[in-house]
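The structure file start_18.tsv is reproduced below (TSV, C-alpha atoms and all ligand atoms).
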chain	number	residue	atom	x	y	z
L	1	MET	CA	12.95	-17.29	30.69
L	2	THR	CA	11.84	-13.93	29.37
L	3	SER	CA	8.11	-14.52	29.24
L	4	LEU	CA	7.67	-16.15	32.64
L	5	SER	CA	5.47	-13.33	33.95
L	6	SER	CA	3.00	-13.55	31.06
L	7	PHE	CA	2.88	-17.34	31.43
L	8	LYS	CA	2.25	-17.18	35.19
L	9	SER	CA	-0.69	-14.83	34.71
L	10	SER	CA	-2.28	-17.10	32.06
L	11	ALA	CA	-5.33	-19.28	32.61
L	12	VAL	CA	-3.30	-22.34	31.55
L	13	SER	CA	-0.82	-21.70	34.35
L	14	HIS	CA	-3.65	-21.49	36.91
L	15	ASP	CA	-5.12	-24.76	35.63
L	16	ILE	CA	-1.78	-26.57	35.85
L	17	GLN	CA	-1.37	-25.22	39.38
L	18	ALA	CA	-4.84	-26.51	40.25
L	19	GLY	CA	-4.10	-29.87	38.59
L	20	LYS	CA	-6.95	-29.58	36.10
L	21	LEU	CA	-5.28	-28.99	32.74
L	22	SER	CA	-6.94	-30.72	29.79
L	23	HIS	CA	-4.85	-33.44	28.11
L	24	SER	CA	-4.39	-31.67	24.82
L	25	VAL	CA	-3.49	-28.04	24.30
L	26	LEU	CA	-2.97	-26.21	21.02
L	27	LEU	CA	-0.65	-23.20	21.40
L	28	LEU	CA	-1.00	-20.58	18.66
L	29	SER	CA	1.05	-17.50	17.82
L	30	PRO	CA	2.61	-16.11	14.64
L	31	ASP	CA	5.60	-15.18	16.83
L	32	THR	CA	7.68	-18.37	16.98
L	33	PHE	CA	9.88	-16.98	19.75
L	34	ALA	CA	6.92	-16.22	22.04
L	35	LEU	CA	5.43	-19.59	21.13
L	36	ASP	CA	8.56	-21.55	22.10
L	37	GLU	CA	9.04	-19.59	25.32
L	38	PHE	CA	5.42	-20.10	26.38
L	39	ALA	CA	5.64	-23.81	25.53
L	40	LYS	CA	8.82	-24.21	27.56
L	41	ASN	CA	7.27	-22.49	30.60
L	42	MET	CA	4.21	-24.67	30.24
L	43	ILE	CA	6.22	-27.90	29.98
L	44	MET	CA	8.27	-26.90	33.03
L	45	ALA	CA	5.06	-26.15	34.94
L	46	LEU	CA	3.70	-29.59	34.02
L	47	MET	CA	6.87	-31.38	35.14
L	48	CYS	CA	7.86	-29.16	38.13
L	49	GLU	CA	8.15	-30.88	41.50
L	50	GLN	CA	7.54	-27.74	43.58
L	51	ASP	CA	4.26	-26.10	44.65
L	52	ASP	CA	4.77	-22.82	42.79
L	53	LYS	CA	5.07	-24.09	39.22
L	54	PRO	CA	7.33	-23.67	37.34
L	55	CYS	CA	9.99	-22.97	39.94
L	56	GLY	CA	12.74	-23.02	37.32
L	57	VAL	CA	15.27	-24.52	39.74
L	58	CYS	CA	14.13	-28.05	40.65
L	59	GLU	CA	15.69	-30.97	38.81
L	60	ALA	CA	12.66	-31.55	36.57
L	61	CYS	CA	12.53	-27.85	35.56
L	62	ARG	CA	16.24	-27.73	34.85
L	63	LYS	CA	16.02	-30.83	32.70
L	64	VAL	CA	13.24	-29.22	30.65
L	65	GLN	CA	15.39	-26.11	30.22
L	66	HIS	CA	18.23	-28.24	28.89
L	67	ASN	CA	15.96	-30.38	26.68
L	68	ASN	CA	16.95	-33.56	28.50
L	69	ASN	CA	13.86	-34.42	30.55
L	70	VAL	CA	13.25	-38.01	29.43
L	71	ASP	CA	9.51	-37.74	30.05
L	72	VAL	CA	9.16	-34.81	27.67
L	73	LEU	CA	9.21	-35.98	24.06
L	74	TYR	CA	9.57	-33.54	21.18
L	75	TYR	CA	8.20	-34.29	17.70
L	76	PRO	CA	9.11	-34.32	14.89
L	77	LYS	CA	12.52	-35.61	15.89
L	78	GLU	CA	14.26	-35.47	12.53
L	79	ASN	CA	12.14	-33.88	9.85
L	80	LYS	CA	10.44	-30.54	9.85
L	81	VAL	CA	6.97	-32.08	9.87
L	82	LEU	CA	5.64	-35.13	11.68
L	83	ASN	CA	5.42	-38.06	9.25
L	84	SER	CA	3.90	-41.50	9.36
L	85	ALA	CA	6.91	-43.31	10.91
L	86	GLU	CA	7.24	-40.69	13.63
L	87	ILE	CA	3.54	-40.88	14.48
L	88	GLU	CA	3.90	-44.62	15.01
L	89	ASN	CA	6.87	-43.99	17.27
L	90	LEU	CA	4.83	-41.35	19.12
L	91	ILE	CA	1.90	-43.74	19.62
L	92	ASP	CA	4.25	-46.43	21.01
L	93	GLU	CA	5.65	-43.87	23.42
L	94	VAL	CA	2.18	-42.74	24.52
L	95	TYR	CA	1.36	-46.28	25.64
L	96	SER	CA	4.64	-46.93	27.44
L	97	ALA	CA	5.16	-45.83	31.04
L	98	PRO	CA	7.02	-42.65	32.01
L	99	TYR	CA	10.72	-43.14	32.80
L	100	GLU	CA	11.41	-40.84	35.75
L	101	SER	CA	8.23	-39.06	36.79
L	102	ASP	CA	4.57	-40.10	36.85
L	103	ARG	CA	3.65	-38.19	33.69
L	104	LYS	CA	4.59	-37.73	30.07
L	105	VAL	CA	4.46	-34.66	27.85
L	106	PHE	CA	4.40	-34.86	24.06
L	107	VAL	CA	5.32	-31.67	22.25
L	108	ILE	CA	4.33	-31.56	18.58
L	109	LYS	CA	5.82	-28.68	16.61
L	110	ASN	CA	4.59	-27.30	13.26
L	111	ALA	CA	1.21	-28.95	13.93
L	112	ASN	CA	-0.41	-26.95	11.11
L	113	GLN	CA	1.94	-28.52	8.57
L	114	ILE	CA	1.06	-32.14	9.29
L	115	ASP	CA	-0.90	-33.64	6.41
L	116	GLN	CA	-4.51	-34.61	7.01
L	117	THR	CA	-4.02	-38.40	6.91
L	118	GLN	CA	-1.39	-38.13	9.63
L	119	GLN	CA	-3.58	-35.74	11.60
L	120	ASN	CA	-6.32	-38.37	11.57
L	121	LYS	CA	-3.91	-40.96	13.00
L	122	LEU	CA	-2.95	-38.50	15.70
L	123	LEU	CA	-6.59	-37.83	16.44
L	124	LYS	CA	-7.20	-41.38	17.69
L	125	THR	CA	-4.41	-40.96	20.22
L	126	LEU	CA	-5.63	-37.55	21.33
L	127	GLU	CA	-9.10	-38.95	21.92
L	128	GLU	CA	-8.26	-41.36	24.72
L	129	PRO	CA	-4.76	-40.88	26.07
L	130	PRO	CA	-3.59	-42.75	29.18
L	131	SER	CA	-3.92	-40.68	32.37
L	132	LYS	CA	-1.23	-38.08	33.06
L	133	THR	CA	-0.34	-37.88	29.39
L	134	TYR	CA	-0.27	-34.39	27.94
L	135	PHE	CA	-0.08	-33.23	24.34
L	136	ILE	CA	1.12	-29.75	23.48
L	137	LEU	CA	0.56	-28.94	19.81
L	138	ILE	CA	2.42	-25.88	18.57
L	139	ALA	CA	1.50	-23.90	15.45
L	140	THR	CA	1.87	-20.42	13.98
L	141	GLU	CA	-1.75	-20.56	12.76
L	142	ASP	CA	-4.59	-23.05	12.83
L	143	SER	CA	-6.14	-22.92	9.36
L	144	ASN	CA	-4.79	-26.31	8.23
L	145	ILE	CA	-5.54	-28.13	11.48
L	146	LEU	CA	-8.55	-30.48	11.36
L	147	GLN	CA	-11.61	-29.25	13.20
L	148	THR	CA	-11.79	-32.65	14.92
L	149	ILE	CA	-8.30	-32.10	16.36
L	150	LYS	CA	-9.09	-28.53	17.41
L	151	SER	CA	-12.28	-29.61	19.15
L	152	ARG	CA	-10.27	-31.98	21.35
L	153	CYS	CA	-7.72	-29.34	22.27
L	154	ARG	CA	-7.80	-26.44	24.63
L	155	ILE	CA	-6.82	-23.60	22.26
L	156	VAL	CA	-4.45	-21.06	23.77
L	157	ARG	CA	-3.47	-17.89	21.94
L	158	VAL	CA	-0.04	-17.12	23.30
L	159	PRO	CA	0.24	-13.51	24.53
L	160	GLN	CA	2.77	-11.19	22.91
L	161	LEU	CA	5.95	-10.40	24.81
L	162	THR	CA	6.09	-6.92	26.35
L	163	GLU	CA	8.39	-4.20	25.01
L	164	SER	CA	10.87	-4.67	27.85
L	165	GLU	CA	10.87	-8.47	27.36
L	166	ILE	CA	11.61	-8.09	23.63
L	167	LEU	CA	14.34	-5.51	24.28
L	168	SER	CA	15.94	-7.82	26.82
L	169	VAL	CA	15.92	-10.73	24.32
L	170	LEU	CA	17.66	-8.44	21.81
L	171	LYS	CA	20.20	-7.43	24.46
L	172	ASP	CA	20.90	-11.12	25.21
L	173	ASN	CA	21.63	-11.50	21.49
L	174	ASN	CA	24.22	-8.68	21.66
L	175	VAL	CA	22.12	-6.25	19.61
L	176	PRO	CA	23.28	-2.61	20.13
L	177	ASP	CA	20.68	-0.39	21.86
L	178	ASN	CA	19.99	1.88	18.85
L	179	ILE	CA	19.34	-1.09	16.52
L	180	ALA	CA	17.21	-2.79	19.20
L	181	THR	CA	15.00	0.31	19.51
L	182	LEU	CA	14.68	0.55	15.71
L	183	ALA	CA	13.92	-3.19	15.30
L	184	PHE	CA	11.34	-3.01	18.10
L	185	SER	CA	9.56	-0.05	16.47
L	186	TYR	CA	9.00	-2.14	13.31
L	187	CYS	CA	8.32	-5.59	14.80
L	188	ASP	CA	4.59	-5.20	15.56
L	189	GLY	CA	5.08	-6.84	18.94
L	190	SER	CA	6.63	-9.99	17.46
L	191	CYS	CA	9.88	-11.00	19.13
L	192	SER	CA	10.95	-13.32	16.31
L	193	GLN	CA	10.41	-10.48	13.83
L	194	ALA	CA	12.44	-8.08	16.05
L	195	LEU	CA	15.26	-10.65	16.17
L	196	LYS	CA	15.15	-11.11	12.41
L	197	TYR	CA	15.39	-7.35	11.83
L	198	ALA	CA	18.00	-6.68	14.52
L	199	THR	CA	20.33	-9.36	13.21
L	200	ASN	CA	20.07	-8.14	9.60
L	201	GLU	CA	23.11	-5.92	9.05
L	202	HIS	CA	21.23	-3.91	6.41
L	203	PHE	CA	18.16	-3.19	8.52
L	204	ALA	CA	18.98	0.44	9.43
L	205	GLU	CA	19.71	1.22	5.75
L	206	ILE	CA	16.47	-0.47	4.68
L	207	VAL	CA	14.47	1.68	7.10
L	208	ALA	CA	16.27	4.85	5.95
L	209	LEU	CA	15.67	4.09	2.27
L	210	THR	CA	12.01	3.15	2.80
L	211	GLU	CA	11.37	6.30	4.82
L	212	ASN	CA	13.12	8.31	2.11
L	213	ILE	CA	10.85	6.81	-0.57
L	214	LEU	CA	7.70	7.54	1.42
L	215	SER	CA	8.76	11.12	2.23
L	216	ASN	CA	10.37	12.28	-0.98
L	217	PHE	CA	9.32	10.20	-3.97
L	218	ARG	CA	6.74	12.36	-5.75
L	219	LYS	CA	7.76	12.84	-9.38
L	220	SER	CA	8.43	10.37	-12.18
L	221	TRP	CA	11.89	11.86	-12.93
L	222	GLN	CA	13.01	10.54	-9.49
L	223	MET	CA	12.06	6.98	-10.47
L	224	LEU	CA	15.44	5.99	-11.89
L	225	ASP	CA	17.32	7.14	-8.80
L	226	PHE	CA	15.10	5.24	-6.32
L	227	ALA	CA	14.95	2.17	-8.59
L	228	SER	CA	18.73	1.93	-8.81
L	229	LYS	CA	18.92	2.08	-5.00
L	230	LEU	CA	16.28	-0.65	-4.61
L	231	TYR	CA	17.80	-2.98	-7.23
L	232	SER	CA	20.62	-3.73	-4.80
L	233	TYR	CA	18.14	-5.01	-2.17
L	234	ASN	CA	17.09	-8.19	-3.96
L	235	GLU	CA	17.97	-10.30	-0.90
L	236	ASN	CA	16.18	-7.94	1.47
L	237	PHE	CA	13.19	-6.79	-0.55
L	238	GLU	CA	10.81	-8.65	1.75
L	239	GLU	CA	12.08	-6.47	4.63
L	240	VAL	CA	11.68	-3.33	2.48
L	241	LEU	CA	8.02	-4.23	1.88
L	242	ASP	CA	7.49	-5.17	5.54
L	243	VAL	CA	8.86	-1.82	6.71
L	244	PHE	CA	6.87	0.01	4.04
L	245	LEU	CA	3.62	-1.75	5.02
L	246	ASN	CA	4.33	-1.14	8.70
L	247	ILE	CA	4.70	2.63	8.15
L	248	CYS	CA	1.55	2.70	5.97
L	249	ALA	CA	-0.42	0.84	8.67
L	250	ARG	CA	0.79	3.30	11.33
L	251	ALA	CA	-0.25	6.21	9.08
L	252	VAL	CA	-3.71	4.70	8.58
L	253	ALA	CA	-4.02	4.34	12.36
L	254	ILE	CA	-3.14	8.03	12.78
L	255	LEU	CA	-5.70	9.03	10.12
L	256	CYS	CA	-8.32	6.95	11.95
L	257	GLY	CA	-7.41	8.68	15.20
L	258	SER	CA	-6.11	5.57	16.93
L	259	GLY	CA	-2.39	5.56	16.23
L	260	LYS	CA	0.59	6.43	18.37
L	261	VAL	CA	2.02	9.56	16.78
L	262	ASP	CA	5.53	9.16	15.37
L	263	LYS	CA	7.47	11.33	12.90
L	264	ILE	CA	7.49	9.29	9.68
L	265	ALA	CA	3.95	7.92	10.09
L	266	THR	CA	2.64	11.45	10.70
L	267	GLU	CA	4.42	12.68	7.58
L	268	VAL	CA	2.92	9.84	5.53
L	269	ALA	CA	-0.53	10.47	7.02
L	270	GLN	CA	-0.27	14.08	5.80
L	271	SER	CA	0.84	13.25	2.28
L	272	PHE	CA	-1.27	10.17	1.44
L	273	SER	CA	-5.04	9.68	1.74
L	274	VAL	CA	-6.55	6.62	3.46
L	275	ASP	CA	-7.65	5.29	0.05
L	276	ALA	CA	-4.10	5.68	-1.27
L	277	LEU	CA	-2.69	3.80	1.74
L	278	VAL	CA	-5.23	1.02	1.35
L	279	ALA	CA	-4.31	0.71	-2.34
L	280	LEU	CA	-0.60	0.58	-1.42
L	281	ASN	CA	-1.29	-2.18	1.06
L	282	ARG	CA	-3.15	-4.25	-1.54
L	283	GLY	CA	-0.44	-3.57	-4.13
L	284	CYS	CA	2.38	-4.63	-1.79
L	285	LEU	CA	0.61	-7.90	-0.93
L	286	ASN	CA	0.36	-8.55	-4.66
L	287	LEU	CA	4.11	-7.84	-5.05
L	288	ILE	CA	4.87	-10.29	-2.21
L	289	GLU	CA	2.95	-12.94	-4.16
L	290	GLN	CA	4.93	-12.10	-7.31
L	291	ARG	CA	8.15	-12.52	-5.33
L	292	LYS	CA	7.03	-15.98	-4.25
L	293	ARG	CA	6.47	-16.87	-7.89
L	294	ASN	CA	10.03	-15.71	-8.67
L	295	CYS	CA	8.99	-12.94	-11.02
L	296	ASN	CA	11.73	-10.70	-12.41
L	297	PHE	CA	13.03	-8.63	-9.49
L	298	ASN	CA	13.75	-5.40	-11.36
L	299	SER	CA	10.25	-5.29	-12.82
L	300	ILE	CA	8.80	-5.85	-9.32
L	301	VAL	CA	10.81	-2.83	-8.11
L	302	ASP	CA	9.59	-0.74	-11.05
L	303	GLU	CA	6.00	-1.77	-10.36
L	304	PHE	CA	6.44	-0.91	-6.67
L	305	LEU	CA	7.66	2.62	-7.45
L	306	PHE	CA	5.11	3.19	-10.19
L	307	MET	CA	2.35	2.16	-7.78
L	308	ILE	CA	3.42	4.85	-5.29
L	309	LEU	CA	3.17	7.60	-7.93
L	310	GLU	CA	-0.09	6.19	-9.22
L	311	VAL	CA	-1.91	6.13	-5.85
L	312	ARG	CA	-0.73	9.67	-5.08
L	313	HIS	CA	-2.35	10.76	-8.36
L	314	LYS	CA	-5.44	8.56	-8.22
L	315	TYR	CA	-6.37	9.09	-4.54
L	316	PRO	CA	-5.09	12.58	-3.66
L	317	VAL	CA	-5.17	13.95	-0.11
M	1	ZN	ZN	10.47	-26.80	39.22
Taking this structure as input, can you express it in the form of structure tokens?
Amino acid sequence: MTSLSSFKSSAVSHDIQAGKLSHSVLLLSPDTFALDEFAKNMIMALMCEQDDKPCGVCEACRKVQHNNNVDVLYYPKENKVLNSAEIENLIDEVYSAPYESDRKVFVIKNANQIDQTQQNKLLKTLEEPPSKTYFILIATEDSNILQTIKSRCRIVRVPQLTESEILSVLKDNNVPDNIATLAFSYCDGSCSQALKYATNEHFAEIVALTENILSNFRKSWQMLDFASKLYSYNENFEEVLDVFLNICARAVAILCGSGKVDKIATEVAQSFSVDALVALNRGCLNLIEQRKRNCNFNSIVDEFLFMILEVRHKYPV
């Protein structure tokens, strides 16, 4: 368990230790890896038979680690999102006794994707659960979750993993050290993002090309050359934009005096104004939307490159 230390220092961990955890908890983080790790530590702590919870070695903890603790029920079981039939199954389970221990834990994933009718059904169960019944709702963000559900939950924003924790996850996934360092520098503290980058065989090329564009693309006659390079990244254009936005954000931080100084971001901070970087950010978000609507890829690339020349001209340093 990579994030055990951050779990043990959390308020939730102290409350479980003291036996005063509320019945329903909503765990939130855009980083699905950190979210799952935190949830697993929390479930182990709830089920652990030892004093220092979670011990990680008692039978109950080990069963949680191997997803075969019969008193921990994960939903949805089959689909991506909890549906009506599964909620009925969940409610039946809530009102039946635990099998091996004296408690039951219900883990509900993708809680923000459950439709509102189903959320209302769930609400009734969350309101008055039998004693020693715990609900752990898991979501990447809370905007679609009913206020009535949120008000019955203890809301926990899962802490980010540390740099050394993320690097050790990458190592466990057989990522070479140089790629791990590169993926970490672009992941914004998100372990799932670092994993996604590090396991993309084109990631190092994507970073090199994006840095090249930001450093050297200044004149319209270069457009054709950069466009022809980008046209081959149809599958990975989202990563190109992510890396691009990441460098721009780091450059803005440097210009505002708050950023960690690194080579490419410093270079960008010297050759673009804050207004230009803000315009690039807005433009890229617009391109991401166009991608979602399946607009013609080559014209998105052309628009991307044209935008870079335009902001240099419109908002000079
Ligand atoms: Zn244990």
Quick one: residues within 12 Å of Ser24 in chain L, only C-alpha atoms, excluding same-chain residues fewer than 4 positions away - as a ChimeraX atom specification? /L:12,20,105-108,122-123,125-138,149-156
Selected residues written out, C-alpha atoms, as a PDB file, in the frame of the given file:
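Final file, result_27.pdb:
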ATOM      1  CA  VAL L  12      -3.300 -22.340  31.550  1.00  0.00           C
ATOM      2  CA  LYS L  20      -6.950 -29.580  36.100  1.00  0.00           C
ATOM      3  CA  VAL L 105       4.460 -34.660  27.850  1.00  0.00           C
ATOM      4  CA  PHE L 106       4.400 -34.860  24.060  1.00  0.00           C
ATOM      5  CA  VAL L 107       5.320 -31.670  22.250  1.00  0.00           C
ATOM      6  CA  ILE L 108       4.330 -31.560  18.580  1.00  0.00           C
ATOM      7  CA  LEU L 122      -2.950 -38.500  15.700  1.00  0.00           C
ATOM      8  CA  LEU L 123      -6.590 -37.830  16.440  1.00  0.00           C
ATOM      9  CA  THR L 125      -4.410 -40.960  20.220  1.00  0.00           C
ATOM     10  CA  LEU L 126      -5.630 -37.550  21.330  1.00  0.00           C
ATOM     11  CA  GLU L 127      -9.100 -38.950  21.920  1.00  0.00           C
ATOM     12  CA  GLU L 128      -8.260 -41.360  24.720  1.00  0.00           C
ATOM     13  CA  PRO L 129      -4.760 -40.880  26.070  1.00  0.00           C
ATOM     14  CA  PRO L 130      -3.590 -42.750  29.180  1.00  0.00           C
ATOM     15  CA  SER L 131      -3.920 -40.680  32.370  1.00  0.00           C
ATOM     16  CA  LYS L 132      -1.230 -38.080  33.060  1.00  0.00           C
ATOM     17  CA  THR L 133      -0.340 -37.880  29.390  1.00  0.00           C
ATOM     18  CA  TYR L 134      -0.270 -34.390  27.940  1.00  0.00           C
ATOM     19  CA  PHE L 135      -0.080 -33.230  24.340  1.00  0.00           C
ATOM     20  CA  ILE L 136       1.120 -29.750  23.480  1.00  0.00           C
ATOM     21  CA  LEU L 137       0.560 -28.940  19.810  1.00  0.00           C
ATOM     22  CA  ILE L 138       2.420 -25.880  18.570  1.00  0.00           C
ATOM     23  CA  ILE L 149      -8.300 -32.100  16.360  1.00  0.00           C
ATOM     24  CA  LYS L 150      -9.090 -28.530  17.410  1.00  0.00           C
ATOM     25  CA  SER L 151     -12.280 -29.610  19.150  1.00  0.00           C
ATOM     26  CA  ARG L 152     -10.270 -31.980  21.350  1.00  0.00           C
ATOM     27  CA  CYS L 153      -7.720 -29.340  22.270  1.00  0.00           C
ATOM     28  CA  ARG L 154      -7.800 -26.440  24.630  1.00  0.00           C
ATOM     29  CA  ILE L 155      -6.820 -23.600  22.260  1.00  0.00           C
ATOM     30  CA  VAL L 156      -4.450 -21.060  23.770  1.00  0.00           C
TER      31      VAL L 156
END
Report as a PyMOL selection string which protein, DNA and RNA residues come within 10 Å of ligand ZN 1 (chain M), using all atoms listed in the file. chain L and resi 44-64
Which residues are close to Leu35 in chain L, i.e. within 12 Å by only C-alpha atoms, leaving aside same-chain residues fewer than 3 positions away? Reply as a PyMOL selection string. chain L and resi 2-3+6-7+26-32+38-42+109-110+136-141+156-161+190-192
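Remark: for Val274 in chain L, the closest of the candidate residues L:Glu78, L:Ile206, L:Leu255, L:Val261 is L:Leu255 (distances computed over all atoms listed in the file).
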CA of Gly189 in chain L to CA of Gly259 in chain L: how many Å, to one decimal? 14.7 Å
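Picture a line from CA of Ser84 in chain L to CA of Ser143 in chain L; it runs 21.1 Å.
The space between CA of Asp275 in chain L and CA of Ser228 in chain L spans 28.0 Å.
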